[in-house]
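J.: So I've got this file, upload01.txt, and it contains compact mmCIF, C-alpha atoms and all ligand atoms:
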# COMPACT_ATOMS: atom_id res chain seq x y z
CA MET P 892 0.00 0.00 0.00
CA SER P 893 1.62 3.27 -0.99
CA GLY P 894 1.01 6.77 0.09
CA ARG P 895 -2.69 6.87 0.72
CA ILE P 896 -4.78 6.46 3.83
CA GLN P 897 -6.15 3.02 4.51
CA SER P 898 -9.88 3.49 3.85
CA THR P 899 -11.22 0.30 5.41
CA MET P 900 -11.80 0.14 9.16
CA THR P 901 -10.23 -2.71 11.13
CA GLU P 902 -10.46 -3.62 14.81
CA GLU P 903 -6.77 -4.22 15.60
CA LEU P 904 -6.72 -1.34 18.10
CA LYS P 905 -10.36 -1.53 19.19
CA GLY P 906 -10.85 -0.28 22.74
CA GLN P 907 -7.47 1.46 22.77
CA LEU P 908 -6.89 5.17 23.33
CA ALA P 909 -4.18 7.03 21.40
CA VAL P 910 -2.99 10.58 22.10
CA VAL P 911 -1.33 12.21 19.07
CA THR P 912 0.41 15.60 19.29
CA GLY P 913 0.63 17.81 16.23
CA ALA P 914 -2.51 16.14 14.92
CA ALA P 915 -3.89 19.24 13.21
CA ARG P 916 -2.06 18.63 9.92
CA GLY P 917 0.83 16.87 8.19
CA ILE P 918 2.27 13.71 9.68
CA GLY P 919 0.23 13.91 12.90
CA ALA P 920 -3.07 14.06 10.99
CA ALA P 921 -2.04 11.03 8.88
CA ILE P 922 -1.02 9.05 11.98
CA SER P 923 -4.31 9.94 13.70
CA LYS P 924 -6.37 8.84 10.71
CA ARG P 925 -4.43 5.62 10.41
CA LEU P 926 -4.76 4.69 14.10
CA ALA P 927 -8.47 5.61 14.01
CA SER P 928 -8.92 3.33 10.98
CA MET P 929 -7.52 0.53 13.13
CA GLY P 930 -10.23 1.10 15.74
CA ALA P 931 -8.42 3.29 18.30
CA THR P 932 -10.08 6.36 19.78
CA ILE P 933 -7.82 9.33 19.13
CA ILE P 934 -7.17 12.45 21.19
CA LEU P 935 -6.04 15.01 18.62
CA VAL P 936 -3.65 17.53 20.19
CA ALA P 937 -2.53 20.88 18.68
CA ARG P 938 -3.15 24.62 19.08
CA ASP P 939 -5.38 25.27 16.05
CA LYS P 940 -8.94 24.36 17.04
CA SER P 941 -10.50 24.62 13.57
CA ARG P 942 -7.85 22.41 11.96
CA LEU P 943 -8.26 19.87 14.76
CA GLN P 944 -12.00 19.85 14.17
CA LYS P 945 -11.43 19.27 10.46
CA VAL P 946 -9.29 16.19 11.17
CA GLN P 947 -11.86 15.02 13.72
CA GLN P 948 -14.62 15.32 11.09
CA GLU P 949 -12.55 13.43 8.51
CA ILE P 950 -11.99 10.62 11.00
CA ALA P 951 -15.70 10.51 11.87
CA ALA P 952 -16.66 10.46 8.18
CA ALA P 953 -14.43 7.41 7.72
CA GLY P 954 -16.17 5.65 10.63
CA GLY P 955 -13.61 6.40 13.37
CA THR P 956 -13.71 8.24 16.69
CA ALA P 957 -11.61 11.24 17.72
CA HIS P 958 -11.72 14.02 20.29
CA THR P 959 -9.90 17.33 20.06
CA ALA P 960 -7.60 18.81 22.70
CA GLU P 961 -6.58 22.38 21.91
CA LEU P 962 -3.28 22.75 23.70
CA ASP P 963 0.11 24.47 23.47
CA LEU P 964 2.95 22.09 24.34
CA LEU P 965 4.83 25.04 25.85
CA ASP P 966 2.17 25.24 28.55
CA GLU P 967 2.84 22.59 31.19
CA SER P 968 -0.42 23.14 33.07
CA SER P 969 -2.46 22.43 29.91
CA ILE P 970 -0.64 19.13 29.52
CA VAL P 971 -1.33 18.21 33.14
CA SER P 972 -5.02 18.98 32.71
CA LEU P 973 -5.15 17.01 29.43
CA ALA P 974 -3.81 13.98 31.31
CA ARG P 975 -6.45 14.50 34.00
CA THR P 976 -9.18 14.56 31.34
CA VAL P 977 -7.80 11.42 29.67
CA GLU P 978 -7.78 9.66 33.03
CA THR P 979 -11.26 10.72 34.15
CA GLN P 980 -13.01 10.34 30.79
CA HIS P 981 -11.17 7.45 29.18
CA HIS P 982 -9.42 5.74 32.13
CA ARG P 983 -6.50 4.69 29.92
CA CYS P 984 -3.79 5.73 27.51
CA ASP P 985 -2.51 2.90 25.32
CA ILE P 986 -0.56 4.88 22.72
CA LEU P 987 1.23 8.23 22.91
CA ILE P 988 2.61 9.69 19.68
CA ASN P 989 4.91 12.66 20.31
CA ASN P 990 4.81 14.08 16.80
CA ALA P 991 4.44 17.88 17.13
CA GLY P 992 7.57 19.72 16.14
CA ILE P 993 8.81 22.99 14.70
CA GLY P 994 11.97 24.12 12.92
CA TYR P 995 13.55 27.48 12.17
CA ALA P 996 15.41 26.48 9.03
CA GLY P 997 17.83 28.72 7.26
CA LYS P 998 19.25 30.58 10.27
CA SER P 999 22.80 30.03 11.45
CA LEU P 1000 23.02 29.19 15.13
CA ILE P 1001 24.76 32.41 16.08
CA GLU P 1002 22.03 34.47 14.34
CA MET P 1003 19.25 32.59 16.10
CA PRO P 1004 17.54 34.60 18.87
CA SER P 1005 17.63 32.74 22.17
CA ALA P 1006 13.82 33.04 22.41
CA ASP P 1007 13.54 30.95 19.20
CA TRP P 1008 15.91 28.37 20.71
CA ASP P 1009 13.67 28.16 23.80
CA THR P 1010 10.48 27.79 21.74
CA LEU P 1011 12.04 25.13 19.53
CA MET P 1012 13.42 23.11 22.44
CA GLY P 1013 10.21 23.66 24.40
CA THR P 1014 8.15 22.19 21.58
CA ASN P 1015 10.43 19.46 20.21
CA LEU P 1016 12.08 18.16 23.40
CA ARG P 1017 10.44 19.51 26.56
CA GLY P 1018 7.00 18.88 25.02
CA PRO P 1019 7.55 15.11 24.64
CA TYR P 1020 9.08 14.98 28.15
CA LEU P 1021 6.01 16.69 29.64
CA MET P 1022 3.59 14.48 27.67
CA VAL P 1023 5.40 11.36 28.85
CA ARG P 1024 5.50 12.59 32.43
CA ALA P 1025 1.75 13.28 32.33
CA LEU P 1026 0.57 10.13 30.54
CA ALA P 1027 3.08 7.34 31.24
CA PRO P 1028 1.69 6.84 34.78
CA LEU P 1029 -1.56 5.60 33.18
CA MET P 1030 0.47 3.11 31.12
CA ILE P 1031 2.50 2.05 34.15
CA ARG P 1032 -0.72 1.40 36.04
CA ALA P 1033 -2.01 -0.74 33.15
CA ARG P 1034 1.40 -2.43 32.67
CA SER P 1035 1.02 -1.77 28.96
CA GLY P 1036 1.54 0.99 26.44
CA HIS P 1037 3.47 2.27 23.46
CA ILE P 1038 5.19 5.63 23.10
CA VAL P 1039 6.39 6.67 19.63
CA ASN P 1040 8.48 9.81 19.21
CA ILE P 1041 8.79 11.41 15.78
CA SER P 1042 12.38 12.50 15.33
CA SER P 1043 14.17 13.12 12.03
CA LEU P 1044 17.22 12.09 10.02
CA ALA P 1045 18.43 15.49 11.26
CA GLY P 1046 18.73 13.69 14.60
CA HIS P 1047 21.53 11.60 13.08
CA ASN P 1048 23.20 14.00 10.67
CA PRO P 1049 24.68 17.49 10.85
CA LEU P 1050 22.21 20.16 9.70
CA PRO P 1051 23.98 23.44 8.91
CA ASN P 1052 21.61 26.39 9.48
CA GLY P 1053 19.39 24.07 11.46
CA ALA P 1054 21.65 23.31 14.43
CA ALA P 1055 18.97 23.90 17.07
CA TYR P 1056 16.49 21.66 15.22
CA ALA P 1057 19.14 18.96 14.83
CA ALA P 1058 20.05 19.28 18.52
CA SER P 1059 16.39 18.88 19.52
CA LYS P 1060 16.10 15.69 17.44
CA TRP P 1061 19.45 14.24 18.59
CA GLY P 1062 18.13 14.96 22.08
CA LEU P 1063 14.81 13.28 21.35
CA ASN P 1064 16.67 10.16 20.20
CA GLY P 1065 18.65 10.07 23.45
CA LEU P 1066 15.50 10.65 25.46
CA THR P 1067 13.74 7.82 23.60
CA TYR P 1068 16.47 5.19 24.02
CA SER P 1069 16.92 6.04 27.71
CA LEU P 1070 13.19 6.20 28.44
CA ALA P 1071 12.75 2.84 26.69
CA GLU P 1072 15.07 1.29 29.28
CA GLU P 1073 13.27 3.02 32.16
CA LEU P 1074 9.86 1.80 31.01
CA ARG P 1075 10.75 -1.71 29.83
CA PRO P 1076 10.21 -3.17 33.31
CA HIS P 1077 6.67 -1.78 33.15
CA ASN P 1078 5.98 -3.54 29.85
CA ILE P 1079 5.87 -0.22 27.98
CA ARG P 1080 7.53 0.01 24.59
CA VAL P 1081 9.21 3.24 23.47
CA SER P 1082 10.25 3.76 19.84
CA VAL P 1083 11.49 6.57 17.66
CA ILE P 1084 10.94 7.19 13.92
CA ALA P 1085 13.47 9.26 12.00
CA PRO P 1086 12.07 10.29 8.61
CA GLY P 1087 13.87 12.17 5.86
CA SER P 1088 11.94 14.85 3.94
CA VAL P 1089 8.18 14.41 4.21
CA ASN P 1090 5.66 16.16 1.98
CA THR P 1091 3.95 18.48 4.48
CA GLY P 1092 3.88 22.25 4.98
CA PHE P 1093 6.74 21.91 7.48
CA SER P 1094 9.62 22.92 5.24
CA HIS P 1095 9.54 25.13 2.20
CA SER P 1096 12.53 23.59 0.48
CA ASN P 1097 12.56 23.32 -3.33
CA LYS P 1098 12.70 19.53 -3.18
CA ASP P 1099 10.23 17.69 -5.43
CA PRO P 1100 7.17 17.04 -3.21
CA ASN P 1101 6.25 13.92 -5.18
CA LYS P 1102 9.62 12.35 -4.45
CA LYS P 1103 9.47 13.13 -0.73
CA LEU P 1104 8.11 10.65 1.78
CA GLN P 1105 4.35 11.08 2.22
CA PRO P 1106 2.81 11.58 5.69
CA GLU P 1107 1.03 8.24 5.24
CA ASP P 1108 4.42 6.49 4.91
CA VAL P 1109 5.22 7.57 8.47
CA ALA P 1110 1.71 6.55 9.58
CA ASN P 1111 2.31 3.07 8.13
CA VAL P 1112 5.42 2.69 10.29
CA VAL P 1113 3.50 3.79 13.39
CA ALA P 1114 0.82 1.20 12.59
CA MET P 1115 3.54 -1.45 12.33
CA LEU P 1116 5.16 -0.44 15.61
CA VAL P 1117 1.96 -0.47 17.67
CA THR P 1118 0.89 -3.85 16.35
CA GLN P 1119 4.26 -5.53 16.92
CA ALA P 1120 3.82 -8.83 18.78
CA PRO P 1121 4.03 -8.18 22.54
CA GLN P 1122 7.36 -9.93 23.15
CA SER P 1123 9.40 -7.45 21.09
CA PHE P 1124 9.69 -3.81 20.15
CA VAL P 1125 11.51 -1.85 17.48
CA SER P 1126 13.76 0.85 18.96
CA GLU P 1127 14.07 3.01 15.88
CA VAL P 1128 13.06 3.24 12.24
CA LEU P 1129 15.02 5.41 9.80
CA MET P 1130 13.04 6.35 6.69
CA ARG P 1131 14.22 7.64 3.31
CA PRO P 1132 12.36 8.32 0.07
CA THR P 1133 13.26 5.82 -2.64
CA GLN P 1134 14.09 8.58 -5.16
CA LYS P 1135 16.19 11.46 -3.83
CA PRO P 1136 13.79 14.46 -3.86
N1 LIG C 1201 8.09 17.32 7.18
C1 LIG C 1201 9.33 16.84 7.21
O1 LIG C 1201 10.08 16.90 6.22
C2 LIG C 1201 9.82 16.13 8.46
C3 LIG C 1201 10.96 15.31 8.35
C4 LIG C 1201 11.43 14.65 9.49
C5 LIG C 1201 10.78 14.83 10.70
N2 LIG C 1201 9.69 15.63 10.79
C6 LIG C 1201 9.04 15.79 12.09
O2 LIG C 1201 7.73 15.31 12.02
C7 LIG C 1201 6.90 16.00 12.95
C8 LIG C 1201 5.66 16.51 12.25
O3 LIG C 1201 6.07 17.36 11.19
P1 LIG C 1201 5.09 17.83 10.02
O4 LIG C 1201 5.90 17.84 8.79
O5 LIG C 1201 3.81 17.09 10.06
O6 LIG C 1201 4.87 19.36 10.50
P2 LIG C 1201 3.63 20.35 10.32
O7 LIG C 1201 2.85 20.01 9.13
O8 LIG C 1201 4.22 21.73 10.45
O9 LIG C 1201 2.75 20.04 11.62
C9 LIG C 1201 3.25 20.30 12.90
C10 LIG C 1201 2.16 20.02 13.91
O10 LIG C 1201 2.65 20.33 15.23
C11 LIG C 1201 1.71 21.18 15.88
N3 LIG C 1201 2.41 22.05 16.82
C12 LIG C 1201 3.46 22.88 16.55
N4 LIG C 1201 3.79 23.55 17.65
C13 LIG C 1201 2.96 23.15 18.64
C14 LIG C 1201 2.80 23.51 20.01
N5 LIG C 1201 3.58 24.44 20.60
N6 LIG C 1201 1.84 22.89 20.74
C15 LIG C 1201 1.04 21.97 20.16
N7 LIG C 1201 1.15 21.60 18.87
C16 LIG C 1201 2.08 22.18 18.12
C17 LIG C 1201 1.03 21.93 14.75
O11 LIG C 1201 -0.29 22.35 15.06
P3 LIG C 1201 -0.65 23.84 15.56
O12 LIG C 1201 0.17 24.80 14.77
O13 LIG C 1201 -2.13 23.93 15.35
O14 LIG C 1201 -0.32 23.83 17.02
C18 LIG C 1201 0.91 20.83 13.69
O15 LIG C 1201 -0.23 20.05 13.91
C19 LIG C 1201 7.78 17.09 13.55
O16 LIG C 1201 8.26 16.67 14.81
C20 LIG C 1201 8.93 17.23 12.57
O17 LIG C 1201 10.11 17.67 13.20
C21 LIG C 1201 9.18 16.29 9.69
Could you spell out this file's structure in structure tokens?
Ligand SMILES: NC(=O)c1ccc[n+]([C@@H]2O[C@H](COP(=O)([O-])OP(=O)(O)OC[C@H]3O[C@@H](n4cnc5c(N)ncnc54)[C@H](OP(=O)(O)O)[C@@H]3O)[C@@H](O)[C@H]2O)c1
T.:
Amino acid sequence: MSGRIQSTMTEELKGQLAVVTGAARGIGAAISKRLASMGATIILVARDKSRLQKVQQEIAAAGGTAHTAELDLLDESSIVSLARTVETQHHRCDILINNAGIGYAGKSLIEMPSADWDTLMGTNLRGPYLMVRALAPLMIRARSGHIVNISSLAGHNPLPNGAAYAASKWGLNGLTYSLAEELRPHNIRVSVIAPGSVNTGFSHSNKDPNKKLQPEDVANVVAMLVTQAPQSFVSEVLMRPTQKP
């Protein structure tokens, strides 16, 4: 299956609850739709209410279930209250996808204002930490769960004029591998996906959009990770488009 959203509903994740950050568009929207098509109920997290509602409606039209949570990852108290809502209304969190991320491409590190550094790190690295801190206790209580962090090939390679972004993704990789060891005894699996260029509004490079990875390619990998047989987990998946864009 290439590129497109799986249109048929299955029941592989029936009864499960998935929280997806950055679900308003791009990769997060594709992951949300894919997990919903597998029967999970999705909590769609982002700041833009109307875009979240659009994704929610698309999921409902395809026969799935999603709720919206308008939230800024920079705001710790909003994350704490989201976790409280998940606990009181859904009593579980089976899957957490830390996907939301930003980049300030094209600026050398020494030109980058420190406020931009803080916002970038707050979104890309502190955000996942706060989401895990808020929601992993529900997984620990259930002795089950899967956390997937969306990193980047920039978390493995140098990225001139994107040093802060690269640092956030190298950091996210380190966080993921270390957290995986902390949560293994609780039967919780933690994975990271590192895609190359994906065809979303994220970067305005002049690469050929048709040759880039599609958001659904990343969603396919998430689907694979969360349906892995219980005795194993995949630590990391690196993804590249077949044709160089
Ligand atoms: N596109 C690529 O080429 C590529 C390649 C490798 C890795 N990635 C990674 O993949 C992830 C998704 O990227 P994408 O291409 O789908 O980006 P995108 O289209 O720009 O979407 C980013 C999402 O994150 C949300 N978001 C941003 N800041 C937020 C905040 N402070 N609080 C809550 N939500 C926030 C946005 O929603 P709101 O604006 O409504 O909040 C949006 O839903 C990112 O982590 C990115 O680093 C992307």
J.: Tell me which protein, DNA and RNA residues are within 9 Å of Gln948 of chain P, counting all atoms listed in the file, leaving out same-chain ones fewer than 5 positions away, and put them as a list in words.
T.: Leu943, Ala953 and Ala957 of chain P
J.: Please produce an output containing C-alpha atoms for each residue in the selection, written as a PDB file, in the coordinates of the input.
T.:
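Dumped to again29.pdb:
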ATOM      1  CA  LEU P 943      -8.260  19.870  14.760  1.00  0.00           C
ATOM      2  CA  ALA P 953     -14.430   7.410   7.720  1.00  0.00           C
ATOM      3  CA  ALA P 957     -11.610  11.240  17.720  1.00  0.00           C
TER       4      ALA P 957
END
J.: Neighbouring residues of segment 1032-1046 of chain P were defined as those with any atom within 6 Å, considering all atoms listed in the file; residues of the same chain fewer than 4 positions away were excluded. Please report them as number ranges by chain.
T.: P: 985-990, 1057, 1060-1061, 1077-1087
J.: For atom CA of Leu1066 of chain P and atom CA of Gln980 of chain P, quote the distance in Å rounded to one decimal.
T.: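 Spanning atom CA of Leu1066 of chain P to atom CA of Gln980 of chain P is a straight-line distance of 29.0 Å.
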J.: Could you jot down the atom CA of Arg916 of chain P to atom CA of Pro1132 of chain P separation for me, Å, one decimal place?
T.: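 According to the coordinates, atom CA of Arg916 of chain P and atom CA of Pro1132 of chain P are separated by 20.3 Å.
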J.: Residues within 6 Å of ligand LIG 1201 (chain C) (all atoms listed in the file), as a PyMOL selection string?
T.: chain P and resi 913-919+937-939+962-965+990-993+1014+1041-1043+1086-1093
J.: Tell me which of P:Lys998, P:His981, P:His1095, P:Arg1075 sits closest to Ser1123 of chain P, counting all atoms listed in the file.
T.: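 Nearest to Ser1123 of chain P: P:Arg1075.
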J.: Please determine, counting only C-alpha atoms, which residue among P:Val977, P:Ala1120, P:Leu1029, P:Ala1055 has the shortest atom-to-atom distance to Asp1007 of chain P.
T.: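 Result for the nearest residue to Asp1007 of chain P: P:Ala1055.
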J.: For Glu967 of chain P, which residue out of P:Leu1016, P:Met1022, P:Ala1071, P:Ala931 is the nearest one, using only C-alpha atoms?
T.: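 Looking only at the distances to Glu967 of chain P, the closest residue turns out to be P:Met1022.
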J.: Could you jot down the atom CA of Gly954 of chain P to atom CA of Lys924 of chain P separation for me, Å, one decimal place?
T.: 10.3 Å
J.: Write out as number ranges by chain the residues lying within 10 Å of Ala960 of chain P, counting only C-alpha atoms and excluding same-chain residues fewer than 4 positions away.
T.: P: 910-912, 914, 934-940, 943-944, 969-970, 973, 976
J.: Keeping C-alpha atoms for every residue in the selection just given, could you write it to a file as a PDB file, keeping the file's coordinate frame?
T.:
ATOM      1  CA  VAL P 910      -2.990  10.580  22.100  1.00  0.00           C
ATOM      2  CA  VAL P 911      -1.330  12.210  19.070  1.00  0.00           C
ATOM      3  CA  THR P 912       0.410  15.600  19.290  1.00  0.00           C
ATOM      4  CA  ALA P 914      -2.510  16.140  14.920  1.00  0.00           C
ATOM      5  CA  ILE P 934      -7.170  12.450  21.190  1.00  0.00           C
ATOM      6  CA  LEU P 935      -6.040  15.010  18.620  1.00  0.00           C
ATOM      7  CA  VAL P 936      -3.650  17.530  20.190  1.00  0.00           C
ATOM      8  CA  ALA P 937      -2.530  20.880  18.680  1.00  0.00           C
ATOM      9  CA  ARG P 938      -3.150  24.620  19.080  1.00  0.00           C
ATOM     10  CA  ASP P 939      -5.380  25.270  16.050  1.00  0.00           C
ATOM     11  CA  LYS P 940      -8.940  24.360  17.040  1.00  0.00           C
ATOM     12  CA  LEU P 943      -8.260  19.870  14.760  1.00  0.00           C
ATOM     13  CA  GLN P 944     -12.000  19.850  14.170  1.00  0.00           C
ATOM     14  CA  SER P 969      -2.460  22.430  29.910  1.00  0.00           C
ATOM     15  CA  ILE P 970      -0.640  19.130  29.520  1.00  0.00           C
ATOM     16  CA  LEU P 973      -5.150  17.010  29.430  1.00  0.00           C
ATOM     17  CA  THR P 976      -9.180  14.560  31.340  1.00  0.00           C
TER      18      THR P 976
END
J.: Quick one: residues within 8 Å of Ser999 of chain P, only C-alpha atoms, excluding same-chain residues fewer than 6 positions away - as a PDB file with C-alpha atoms, in the coordinates of the input?
T.:
ATOM      1  CA  PRO P1051      23.980  23.440   8.910  1.00  0.00           C
ATOM      2  CA  ASN P1052      21.610  26.390   9.480  1.00  0.00           C
ATOM      3  CA  GLY P1053      19.390  24.070  11.460  1.00  0.00           C
ATOM      4  CA  ALA P1054      21.650  23.310  14.430  1.00  0.00           C
TER       5      ALA P1054
END
J.: Which one is closest to Ala1058 of chain P: P:Met900, P:Val1112, P:Gly994, P:Met1030? Count all atoms listed in the file.
T.: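 Using all atoms listed in the file, Ala1058 of chain P sits closest to P:Gly994.
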J.: Could you pull out every residue with an atom within 12 Å of (4.2, 4.8, 2.3), file coordinates, counting only C-alpha atoms, and send them as a ChimeraX atom specification?
T.: /P:892-897,918,921-922,925,1086,1089-1090,1101-1115,1130-1133
J.: Rank nothing, just name the residue among P:Ala952, P:Gly997, P:Ser941, P:Ile1031 nearest to Glu1073 of chain P, using all atoms listed in the file.
T.: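 For Glu1073 of chain P, the nearest of the candidates is P:Ile1031.
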J.: Taking all atoms listed in the file into account, which of P:Gln1122, P:Gln1134, P:Asn1064, P:Thr1010 comes nearest Pro1100 of chain P?
T.: P:Gln1134
J.: How big is the axis-aligned box, and where does its centre sit, when it encloses all atoms of segment 1025-1041 of chain P listed in the file and has 3 Å added on every side, reported in Å to one decimal as JSON?
T.:
{"center_x": 3.4, "center_y": 5.4, "center_z": 25.9, "size_x": 16.8, "size_y": 21.7, "size_z": 26.3}
